[in-house]
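**Q** Input structure: structure01.txt, which contains compact mmCIF, C-alpha atoms and all ligand atoms.
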```txt
# COMPACT_ATOMS: atom_id res chain seq x y z
CA MET F 1 -20.46 49.35 42.13
CA PRO F 2 -21.73 50.08 38.61
CA LEU F 3 -20.58 47.61 36.03
CA LEU F 4 -18.62 49.06 33.20
CA PRO F 5 -19.82 48.25 29.69
CA VAL F 6 -17.93 45.18 28.60
CA ARG F 7 -16.21 46.78 25.65
CA THR F 8 -14.83 49.63 27.68
CA MET F 9 -13.68 47.23 30.33
CA ASN F 10 -11.86 45.08 27.80
CA MET F 11 -10.16 48.08 26.34
CA GLY F 12 -9.14 49.24 29.76
CA LEU F 13 -7.80 45.83 30.64
CA SER F 14 -5.86 45.36 27.45
CA GLN F 15 -4.41 48.82 27.76
CA THR F 16 -3.26 48.12 31.29
CA PHE F 17 -1.93 44.75 30.21
CA SER F 18 0.08 46.17 27.34
CA LYS F 19 1.47 48.80 29.68
CA ILE F 20 2.64 46.10 32.06
CA LEU F 21 4.17 44.18 29.16
CA ALA F 22 5.90 47.31 27.93
CA ASN F 23 7.32 47.96 31.37
CA LEU F 24 8.51 44.37 31.60
CA PHE F 25 10.25 44.13 28.27
CA GLN F 26 11.13 47.65 27.30
CA LYS F 27 13.94 48.98 29.41
CA LYS F 28 13.86 52.63 30.22
CA THR F 29 16.11 54.66 27.96
CA SER F 30 18.19 57.21 29.85
CA ARG F 31 19.17 60.42 28.17
CA ILE F 32 22.85 61.04 28.74
CA GLY F 33 24.21 64.48 27.92
CA ILE F 34 27.86 65.10 27.11
CA TYR F 35 28.68 68.48 28.59
CA GLY F 36 31.96 70.35 28.98
CA PRO F 37 34.02 73.19 27.57
CA PRO F 38 34.57 73.69 23.83
CA ASN F 39 37.26 71.47 22.27
CA ALA F 40 37.38 68.98 25.15
CA GLY F 41 36.40 66.20 22.72
CA LYS F 42 32.63 65.86 23.30
CA THR F 43 31.76 65.31 19.66
CA THR F 44 34.69 62.93 19.18
CA LEU F 45 33.31 60.79 22.02
CA ALA F 46 29.69 61.00 20.83
CA ASN F 47 30.82 59.86 17.37
CA ARG F 48 32.87 57.03 18.82
CA ILE F 49 29.94 55.78 20.91
CA ALA F 50 27.62 55.99 17.91
CA ARG F 51 30.18 54.20 15.74
CA GLU F 52 30.94 51.44 18.23
CA TRP F 53 27.43 50.77 19.48
CA SER F 54 24.92 51.82 16.85
CA THR F 55 24.38 53.25 13.43
CA GLY F 56 23.69 56.82 14.40
CA GLN F 57 24.23 60.21 12.89
CA GLU F 58 27.69 61.68 13.29
CA GLY F 59 28.59 65.21 14.28
CA MET F 60 31.42 67.32 12.91
CA VAL F 61 34.65 67.26 14.89
CA SER F 62 36.33 70.58 14.46
CA GLU F 63 38.48 73.28 15.94
CA ILE F 64 36.09 75.98 14.71
CA PRO F 65 34.24 77.26 17.79
CA HIS F 66 30.52 76.39 17.89
CA GLU F 67 31.02 73.65 15.28
CA THR F 68 28.57 71.53 17.23
CA ARG F 69 25.77 73.93 16.47
CA ARG F 70 22.79 71.84 17.36
CA ALA F 71 22.59 69.49 20.29
CA LEU F 72 22.87 66.19 18.41
CA ARG F 73 21.06 63.14 19.69
CA SER F 74 21.89 59.52 18.90
CA GLU F 75 19.02 57.41 20.11
CA ASN F 76 18.61 53.93 21.55
CA ILE F 77 22.21 52.96 21.94
CA THR F 78 22.75 49.81 23.96
CA ILE F 79 26.13 49.54 25.62
CA THR F 80 27.08 46.13 26.98
CA GLY F 81 29.86 45.62 29.51
CA ALA F 82 32.29 42.74 30.04
CA ASN F 83 29.99 41.08 32.63
CA GLY F 84 27.02 41.19 30.25
CA LYS F 85 25.23 44.04 32.01
CA SER F 86 23.95 46.70 29.68
CA ILE F 87 22.30 50.11 29.50
CA THR F 88 20.19 51.63 26.76
CA ILE F 89 20.75 55.34 26.32
CA ASP F 90 20.23 58.33 24.08
CA ILE F 91 23.47 60.27 23.77
CA VAL F 92 23.14 64.03 23.47
CA ASP F 93 26.23 65.85 22.20
CA THR F 94 26.04 69.49 23.26
CA PRO F 95 27.84 72.65 22.25
CA GLY F 96 29.88 74.41 24.95
CA VAL F 97 27.99 76.99 26.99
CA THR F 98 28.28 80.51 25.72
CA THR F 99 26.34 83.67 26.53
CA LYS F 100 27.05 85.46 23.25
CA ILE F 101 27.25 84.57 19.58
CA ASP F 102 28.21 86.95 16.80
CA TYR F 103 28.14 85.68 13.22
CA ASN F 104 31.23 87.82 12.48
CA GLU F 105 33.23 85.25 14.46
CA PHE F 106 32.44 82.70 11.73
CA ILE F 107 33.40 85.19 9.03
CA GLU F 108 36.81 85.38 10.66
CA TYR F 109 37.16 81.67 9.87
CA GLY F 110 36.62 82.42 6.19
CA ILE F 111 32.91 81.56 6.01
CA ALA F 112 30.66 83.63 3.73
CA ARG F 113 28.20 86.07 5.36
CA ASP F 114 24.94 84.20 4.65
CA GLU F 115 26.43 80.91 5.76
CA ALA F 116 27.89 82.60 8.84
CA ILE F 117 24.47 83.98 9.79
CA ASP F 118 22.93 80.51 9.40
CA ARG F 119 25.65 78.94 11.50
CA ALA F 120 25.28 81.57 14.20
CA ARG F 121 21.53 80.96 14.34
CA GLU F 122 22.03 77.20 14.61
CA ALA F 123 24.63 77.79 17.31
CA THR F 124 22.17 79.86 19.38
CA GLU F 125 19.56 77.11 19.03
CA GLY F 126 22.08 74.48 20.10
CA VAL F 127 23.06 76.36 23.25
CA ALA F 128 19.40 77.05 24.08
CA GLU F 129 18.60 73.33 23.70
CA ALA F 130 21.62 72.28 25.76
CA MET F 131 20.48 74.59 28.58
CA HIS F 132 16.86 73.51 28.38
CA TRP F 133 17.63 69.81 28.30
CA LEU F 134 20.01 69.94 31.24
CA ARG F 135 17.24 71.51 33.36
CA GLU F 136 14.37 69.36 32.17
CA ASP F 137 15.30 66.30 30.18
CA ILE F 138 18.74 64.85 30.84
CA ASP F 139 19.04 61.82 33.18
CA GLY F 140 22.83 61.66 33.46
CA VAL F 141 25.92 63.59 32.45
CA ILE F 142 29.31 62.75 31.00
CA TYR F 143 31.38 65.77 31.95
CA MET F 144 34.20 65.99 29.42
CA ILE F 145 37.42 67.63 30.50
CA ASP F 146 40.64 68.19 28.58
CA ALA F 147 43.25 66.51 30.78
CA THR F 148 46.01 68.72 29.36
CA ALA F 149 44.40 71.88 30.75
CA ASP F 150 43.52 73.21 34.22
CA PRO F 151 40.40 71.39 35.48
CA PHE F 152 39.22 74.36 37.55
CA ALA F 153 39.15 76.61 34.51
CA GLN F 154 37.03 74.06 32.64
CA VAL F 155 34.18 73.70 35.07
CA ASN F 156 31.10 75.78 34.65
CA ILE F 157 29.71 76.54 38.11
CA MET F 158 26.20 77.03 36.75
CA MET F 159 26.15 73.61 35.12
CA VAL F 160 27.59 71.96 38.19
CA GLY F 161 24.89 73.70 40.26
CA ILE F 162 22.13 72.25 38.09
CA ILE F 163 23.72 68.80 38.05
CA GLU F 164 23.89 68.94 41.87
CA SER F 165 20.37 70.26 42.42
CA ARG F 166 18.87 67.69 40.05
CA LYS F 167 21.10 65.01 41.64
CA LEU F 168 22.12 63.78 38.20
CA PRO F 169 24.62 60.93 38.06
CA VAL F 170 27.92 62.13 36.60
CA VAL F 171 30.93 60.44 35.02
CA ILE F 172 33.94 62.65 34.44
CA ALA F 173 35.95 61.83 31.33
CA ALA F 174 39.54 63.08 31.49
CA ASN F 175 40.23 63.20 27.77
CA LYS F 176 43.32 63.51 25.56
CA THR F 177 45.50 61.19 27.66
CA ASP F 178 47.44 60.47 24.46
CA LEU F 179 49.06 63.90 24.75
CA PRO F 180 52.31 64.20 26.75
CA ASP F 181 51.12 66.98 29.08
CA ALA F 182 47.89 65.23 30.07
CA SER F 183 47.42 64.96 33.84
CA PRO F 184 44.39 62.85 34.80
CA GLN F 185 45.58 62.92 38.42
CA ARG F 186 44.99 66.67 38.56
CA ILE F 187 41.39 66.00 37.54
CA ARG F 188 40.95 63.22 40.12
CA THR F 189 42.10 65.65 42.81
CA ALA F 190 39.59 68.27 41.62
CA PHE F 191 36.67 65.80 41.67
CA PRO F 192 37.19 63.49 44.66
CA GLN F 193 33.49 62.52 44.87
CA HIS F 194 32.97 61.49 41.29
CA PRO F 195 34.25 58.71 39.06
CA VAL F 196 37.00 60.05 36.79
CA VAL F 197 37.97 57.94 33.79
CA PRO F 198 41.12 58.90 31.86
CA ILE F 199 40.57 58.26 28.15
CA SER F 200 41.66 59.21 24.70
CA CYS F 201 38.65 59.62 22.45
CA LEU F 202 40.99 60.04 19.51
CA THR F 203 42.93 56.77 19.87
CA GLY F 204 40.25 54.88 21.80
CA THR F 205 42.57 54.14 24.72
CA LYS F 206 40.58 53.13 27.84
CA VAL F 207 37.18 53.93 26.33
CA GLU F 208 36.07 50.45 27.48
CA GLU F 209 36.62 51.66 31.04
CA LEU F 210 34.42 54.64 30.33
CA TYR F 211 31.70 52.29 29.04
CA GLU F 212 31.97 50.14 32.19
CA GLU F 213 31.71 53.24 34.37
CA MET F 214 28.70 54.47 32.39
CA ILE F 215 26.97 51.13 32.96
CA ARG F 216 27.66 51.36 36.71
CA THR F 217 26.68 55.01 37.07
CA PHE F 218 23.73 55.35 34.68
CA ARG F 219 21.94 52.02 35.17
CA MET T 1 20.66 117.19 24.32
CA ARG T 2 20.87 113.83 26.03
CA MET T 3 23.82 113.16 28.26
CA GLN T 4 26.17 110.60 26.76
CA GLY T 5 26.89 107.56 28.86
CA VAL T 6 25.79 104.20 30.14
CA GLN T 7 22.95 103.46 32.52
CA ILE T 8 23.71 101.17 35.45
CA ASP T 9 20.88 99.59 37.46
CA LEU T 10 21.68 98.04 40.81
CA ILE T 11 18.96 95.67 41.96
CA SER T 12 18.75 94.95 45.68
CA ALA T 13 18.58 91.54 47.29
CA GLU T 14 15.17 92.43 48.78
CA ARG T 15 13.75 93.15 45.38
CA LEU T 16 15.31 90.08 43.79
CA VAL T 17 14.01 87.71 46.43
CA ARG T 18 10.44 89.00 45.91
CA MET T 19 10.50 88.41 42.17
CA PRO T 20 9.46 85.15 40.51
CA SER T 21 12.31 83.68 38.41
CA MET T 22 10.76 84.37 35.02
CA GLU T 23 9.95 87.98 35.90
CA LYS T 24 13.51 88.50 37.10
CA ILE T 25 15.00 87.06 33.92
CA ARG T 26 12.66 89.08 31.69
CA LEU T 27 13.57 92.31 33.54
CA ILE T 28 17.31 91.65 33.26
CA LEU T 29 17.10 90.82 29.58
CA ASP T 30 14.95 93.85 28.75
CA LEU T 31 17.35 96.17 30.56
CA VAL T 32 20.44 94.62 28.99
CA ARG T 33 18.93 94.75 25.51
CA GLU T 34 18.43 98.52 25.98
CA GLY T 35 22.14 98.84 26.78
CA THR T 36 21.84 98.98 30.57
CA ILE T 37 24.43 97.37 32.82
CA VAL T 38 22.64 95.41 35.54
CA ILE T 39 24.21 94.65 38.90
CA LEU T 40 22.40 92.15 41.11
CA GLU T 41 23.16 92.33 44.83
CA THR T 42 22.56 88.60 44.99
CA GLY T 43 23.08 86.55 41.86
CA LEU T 44 20.85 84.09 40.07
CA SER T 45 20.41 80.44 40.95
CA PRO T 46 22.04 78.00 38.50
CA GLU T 47 18.59 77.24 37.03
CA GLU T 48 17.80 80.94 36.61
CA GLN T 49 21.15 81.57 35.00
CA SER T 50 20.61 78.72 32.58
CA SER T 51 17.13 80.08 31.71
CA LEU T 52 18.67 83.51 31.17
CA ILE T 53 21.18 81.99 28.74
CA GLU T 54 18.44 80.03 26.97
CA MET T 55 16.34 83.19 26.49
CA THR T 56 19.39 85.23 25.50
CA MET T 57 20.13 82.71 22.74
CA GLN T 58 16.55 82.94 21.49
CA GLU T 59 16.79 86.73 21.17
CA ILE T 60 20.14 87.03 19.37
CA LEU T 61 19.80 88.55 15.89
CA PRO T 62 22.36 89.23 13.15
CA ASP T 63 23.61 92.83 13.45
CA GLY T 64 21.34 93.24 16.48
CA PHE T 65 21.49 91.88 20.00
CA SER T 66 24.54 89.60 20.17
CA GLY T 67 24.17 88.26 23.68
CA ILE T 68 25.25 89.03 27.21
CA GLU T 69 28.31 89.11 29.37
CA ILE T 70 27.72 87.83 32.93
CA GLU T 71 30.16 87.55 35.80
CA SER T 72 30.07 87.07 39.54
CA TYR T 73 32.56 86.26 42.29
CA PRO T 74 33.54 82.61 42.31
CA SER T 75 31.88 80.63 45.07
CA LYS T 76 34.19 79.87 47.96
CA GLN T 77 36.53 77.05 47.14
CA LYS T 78 36.64 73.89 49.17
CA SER T 79 37.99 70.44 48.50
CA GLY T 80 35.90 69.07 45.69
CA MET T 81 34.58 71.02 42.75
CA PHE T 82 31.13 69.48 42.92
CA SER T 83 30.91 69.36 46.70
CA ARG T 84 31.61 73.00 47.36
CA LEU T 85 28.28 73.89 45.85
CA MET T 86 26.42 71.52 48.12
CA ARG T 87 26.49 73.81 51.11
CA GLY T 88 23.44 75.74 50.04
CA ASP T 89 22.29 78.09 47.40
CA ASP T 90 23.46 81.20 49.25
CA GLU T 91 27.05 80.79 48.32
CA TYR T 92 26.15 80.55 44.71
CA ARG T 93 24.11 83.73 44.82
CA ARG T 94 26.81 86.36 44.90
CA LEU T 95 27.01 89.83 43.43
CA THR T 96 26.60 89.55 39.68
CA VAL T 97 27.15 91.96 36.83
CA ILE T 98 25.32 91.48 33.53
CA GLY T 99 25.52 93.61 30.38
CA PRO T 100 25.29 93.53 26.61
CA ALA T 101 28.18 91.52 25.11
CA ASN T 102 29.04 94.35 22.71
CA GLN T 103 29.43 96.89 25.52
CA LEU T 104 30.69 95.01 28.56
CA LYS T 105 34.08 93.30 28.56
CA MET T 106 35.40 91.41 31.55
CA ILE T 107 39.03 92.28 32.14
CA ARG T 108 39.74 90.29 35.24
CA ARG T 109 37.93 88.05 37.68
CA ASP T 110 39.60 87.10 40.93
CA ARG T 111 38.24 85.63 44.10
CA ASP T 112 37.48 89.10 45.45
CA LEU T 113 37.64 91.47 42.48
CA ILE T 114 35.80 91.73 39.19
CA SER T 115 37.19 94.25 36.78
CA ALA T 116 35.12 95.20 33.76
CA TRP T 117 35.27 97.67 30.92
CA ILE T 118 32.05 99.34 29.77
CA SER T 119 31.73 101.21 26.51
CA SER T 120 28.77 103.27 25.36
CA ARG T 121 26.99 102.24 22.19
N1 LIG U 1 45.02 64.48 21.03
C1 LIG U 1 43.70 64.33 21.15
N2 LIG U 1 42.87 65.16 20.53
C2 LIG U 1 41.53 64.99 20.67
C3 LIG U 1 40.99 63.95 21.49
N3 LIG U 1 39.64 64.04 21.45
C4 LIG U 1 39.35 65.08 20.63
N4 LIG U 1 40.49 65.65 20.16
C5 LIG U 1 40.61 66.80 19.25
O1 LIG U 1 40.16 67.98 19.90
C6 LIG U 1 39.50 68.84 18.97
C7 LIG U 1 38.08 69.15 19.45
O2 LIG U 1 37.32 67.96 19.42
P1 LIG U 1 35.73 67.98 19.41
O3 LIG U 1 35.26 66.57 19.59
O4 LIG U 1 35.20 68.74 18.24
O5 LIG U 1 35.46 68.82 20.76
P2 LIG U 1 34.09 69.41 21.34
O6 LIG U 1 34.13 70.88 21.06
O7 LIG U 1 34.15 69.15 22.82
O8 LIG U 1 32.96 68.71 20.66
C8 LIG U 1 39.54 68.13 17.62
O9 LIG U 1 40.64 68.60 16.90
C9 LIG U 1 39.72 66.67 18.02
O10 LIG U 1 40.36 65.91 17.02
C10 LIG U 1 41.92 63.07 22.16
O11 LIG U 1 41.56 62.14 22.88
N5 LIG U 1 43.25 63.33 21.96
MG MG U 2 31.38 69.47 19.59
```
In C-alpha cells, how does this file's structure come out?
Ligand SMILES: Nc1nc2c(ncn2[C@@H]2O[C@H](COP(=O)(O)OP(=O)(O)O)[C@@H](O)[C@H]2O)c(=O)[nH]1
Ligand SMILES: [Mg+2]
**A**
Amino acid sequence: MPLLPVRTMNMGLSQTFSKILANLFQKKTSRIGIYGPPNAGKTTLANRIAREWSTGQEGMVSEIPHETRRALRSENITITGANGKSITIDIVDTPGVTTKIDYNEFIEYGIARDEAIDRAREATEGVAEAMHWLREDIDGVIYMIDATADPFAQVNIMMVGIIESRKLPVVIAANKTDLPDASPQRIRTAFPQHPVVPISCLTGTKVEELYEEMIRTFR
Amino acid sequence: MRMQGVQIDLISAERLVRMPSMEKIRLILDLVREGTIVILETGLSPEEQSSLIEMTMQEILPDGFSGIEIESYPSKQKSGMFSRLMRGDDEYRRLTVIGPANQLKMIRRDRDLISAWISSR
C-alpha cells in the first residue's frame, strides 16, 4: 500500500478526529416546522418558544391574513424538560398554505398599494419556502389546530400526505383552550394515532406539556 | 372572429402516469396561466401538489397571474385523519380540477360532488 505523504495524512487524521469530536459534543439540531391553518396561533407559539428558551427574532401576531409572510426561523433553541432531557431545535414558523395571493386583499385592510405589493410578494415567498422545506428540510412538525373549530376542516390533506410519506414525527397542538367553546377532545378523536396536547399559546396554559411532548417526539 | 369562451383540457390517467412530475407540473401551470381549466383524471401526489403550489407562488405577479384554484374529491374517510392516507397513494390521486384563481371559483365540495363556477377573462 503506498504511503501517503505525512502532511496529507496528518490533515486527514485531524479532520477525521475533529469530525468525531463534533459528532460527540455537538448534538444534531432538528428543524421543527409549525404548520397549520391561518389564525390557529402558529406565530404566537413560535414567539413564546423563542421568548421562553432563547433570544430569537419575533414574528408579528395578527389577524390580517398572510401576516406571517416569510417562513421565520429561530435557530438553536434548547428545550429542557422536567427530567433534564433536552432537545436542540430550529423552529420554523410558516404561513398557512394558500394557492393564490392578490395584493388587493391587503389593500382591503387599508394598506397602501406599494406596501401591499411588497407584502404580497413576501407572502408568496413565504408559502413557497414553507412548501419547499416541508418536502426537503423539516425533521418534525407541530401541527397547530384551533380547538374551537372543526378539526376536519383544518387539516390539509396534501400536507398530511407529505408528513406521512416522509414519516415525520408530529405533535398536534390543540390551541386556544382558554376559549369557552374549545373542544380538545374533538381533536383527540380526529387524530387517534398522534399525541395531541391541549394548550393556550396566549395564556401559556399547559405549554410545559407541549415542551415535554416535543422532547419525547422529536428527540 | 374568435369564439368567446373557456378552454377545458382533460388529461387522462394514462398520460399522467407517463409524465415525470416536473413535466406534469410545468404543463399544468402553463395551461392554467393561459386561462385553461385543467381536469386531471387522476390527481397529483402530495409532493407534486406541493411543488405545484411552490411554483405557482414563484410566478405570481401584481396585476398578472394571481395563483390557482385546485380541488379534488376528498379521500375516503376512515377513523384517523392521518391514518386514512396510509392505505396507498391511489386514494389520494382522485379527479382534480385546476384553474386560474381569477376565473375559477369553487362553489361546493362534497364527498361525491365538486361544483365550480368558471368565468371567461
Ligand atoms: N384566545 C386565544 N387566542 C389566541 C391563542 N393563540 C393565538 N391566538 C390569537 O389568534 C390570532 C392569530 O394568531 P397567530 O399566532 O397570528 O396565528 P397564525 O396565523 O397561526 O400564525 C391572534 O389574534 C392571536 O392573538 C390562544 O391560545 N387563545
Ligand atoms: Mg403566523
**Q** Would you compute the distance between atom CA of F:Val155 and atom CA of F:Asn39? Give it in Å to one decimal.
**A**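 The value is 13.4 Å.
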**Q** Find the residues near T:Arg26: any atom within 10 Å, counting only C-alpha atoms, skip ones fewer than 6 places away on the same chain, and give them as a VMD selection string.
**A** chain T and resid 32 52 55 to 56
**Q** As an MDAnalysis selection string, could you give me every residue of chain F near chain T (at most 7 Å apart, counting all atoms listed in the file)?
**A** chainID F and resid 99:103 117 124:125 127:128 131:132 135 158:162 190:192
**Q** Please determine the residues with any atom at most 10 Å from (47.0, 65.7, 25.5) (coordinates as given in the file, with all atoms listed in the file counting) and report them as a VMD selection string.
**A** chain F and resid 146 to 149 174 to 183 200
**Q** Give the residues close to ligand LIG 1 (chain U), within 7 Å, counting only C-alpha atoms and all ligand atoms; write them as a ChimeraX atom specification.
**A** /F:36-45,60-63,68,95-96,175-179,199-203
**Q** Restrict the selected residues to C-alpha atoms and save them as a CSV table (one decimal), in the frame of the given file.
**A**
```csv
chain,number,residue,atom,x,y,z
F,36,GLY,CA,32.0,70.4,29.0
F,37,PRO,CA,34.0,73.2,27.6
F,38,PRO,CA,34.6,73.7,23.8
F,39,ASN,CA,37.3,71.5,22.3
F,40,ALA,CA,37.4,69.0,25.2
F,41,GLY,CA,36.4,66.2,22.7
F,42,LYS,CA,32.6,65.9,23.3
F,43,THR,CA,31.8,65.3,19.7
F,44,THR,CA,34.7,62.9,19.2
F,45,LEU,CA,33.3,60.8,22.0
F,60,MET,CA,31.4,67.3,12.9
F,61,VAL,CA,34.6,67.3,14.9
F,62,SER,CA,36.3,70.6,14.5
F,63,GLU,CA,38.5,73.3,15.9
F,68,THR,CA,28.6,71.5,17.2
F,95,PRO,CA,27.8,72.6,22.2
F,96,GLY,CA,29.9,74.4,25.0
F,175,ASN,CA,40.2,63.2,27.8
F,176,LYS,CA,43.3,63.5,25.6
F,177,THR,CA,45.5,61.2,27.7
F,178,ASP,CA,47.4,60.5,24.5
F,179,LEU,CA,49.1,63.9,24.8
F,199,ILE,CA,40.6,58.3,28.2
F,200,SER,CA,41.7,59.2,24.7
F,201,CYS,CA,38.6,59.6,22.4
F,202,LEU,CA,41.0,60.0,19.5
F,203,THR,CA,42.9,56.8,19.9
```
**Q** So which residues touch F:Asp139 within 12 Å, counting all atoms listed in the file, skipping near sequence neighbours fewer than 3 positions away, as a list in words?
**A** Lys28, Thr29, Ser30, Arg31, Ile32, Gly33, Ile34, Ile89, Asp90, Ile91, Val92, Trp133, Leu134, Arg135, Glu136, Ile142, Ile162, Ile163, Arg166, Lys167, Leu168, Pro169, Val170, Thr217, Phe218 and Arg219 of chain F
**Q** How many Å lie between atom CA of T:Ser21 and atom CA of F:Asp93, rounded to one decimal?
**A**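 These two atoms are separated by 27.8 Å.
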**Q** As an exercise, work out the distance from atom CA of T:Glu14 to atom CA of F:Glu164 in Å and give it to one decimal place.
**A**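 According to the coordinates, atom CA of T:Glu14 and atom CA of F:Glu164 are separated by 26.0 Å.
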**Q** Looking at F:Thr78, F:Arg69, F:Ile49, F:Val196, which one is nearest to ligand MG 2 (chain U), with distances taken over all atoms listed in the file?
**A**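 The answer is F:Arg69, which sits nearest to ligand MG 2 (chain U).
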**Q** May I have the residues within 8 Å of T:Glu41 as a PyMOL selection string, using only C-alpha atoms and disregarding those fewer than 6 positions away in the same chain?
**A** chain T and resi 10-13+94-96
**Q** I'd like the contact shell of F:Glu115 - 12 Å cut-off, only C-alpha atoms, skipping same-chain residues fewer than 4 positions apart - returned as a PDB file with C-alpha atoms, in the frame of the given file.
**A**
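New file part.pdb:
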```pdb
ATOM      1  CA  TYR F 103      28.140  85.680  13.220  1.00  0.00           C
ATOM      2  CA  ASN F 104      31.230  87.820  12.480  1.00  0.00           C
ATOM      3  CA  GLU F 105      33.230  85.250  14.460  1.00  0.00           C
ATOM      4  CA  PHE F 106      32.440  82.700  11.730  1.00  0.00           C
ATOM      5  CA  ILE F 107      33.400  85.190   9.030  1.00  0.00           C
ATOM      6  CA  TYR F 109      37.160  81.670   9.870  1.00  0.00           C
ATOM      7  CA  GLY F 110      36.620  82.420   6.190  1.00  0.00           C
ATOM      8  CA  ILE F 111      32.910  81.560   6.010  1.00  0.00           C
ATOM      9  CA  ARG F 119      25.650  78.940  11.500  1.00  0.00           C
ATOM     10  CA  ALA F 120      25.280  81.570  14.200  1.00  0.00           C
ATOM     11  CA  ARG F 121      21.530  80.960  14.340  1.00  0.00           C
ATOM     12  CA  GLU F 122      22.030  77.200  14.610  1.00  0.00           C
TER      13      GLU F 122
ATOM     14  CA  PRO T  62      22.360  89.230  13.150  1.00  0.00           C
TER      15      PRO T  62
END
```
**Q** Here is a test: counting only C-alpha atoms, which residue of T:Arg93, T:Arg18, T:Arg121, T:Arg33 is nearest to T:Gln4?
**A** T:Arg121
**Q** (38.1, 87.6, 29.9) in this file's frame - what residues fall within 10 Å of it? Use all atoms listed in the file and give the answer as a PyMOL selection string.
**A** chain T and resi 69+71+105-109+115-116
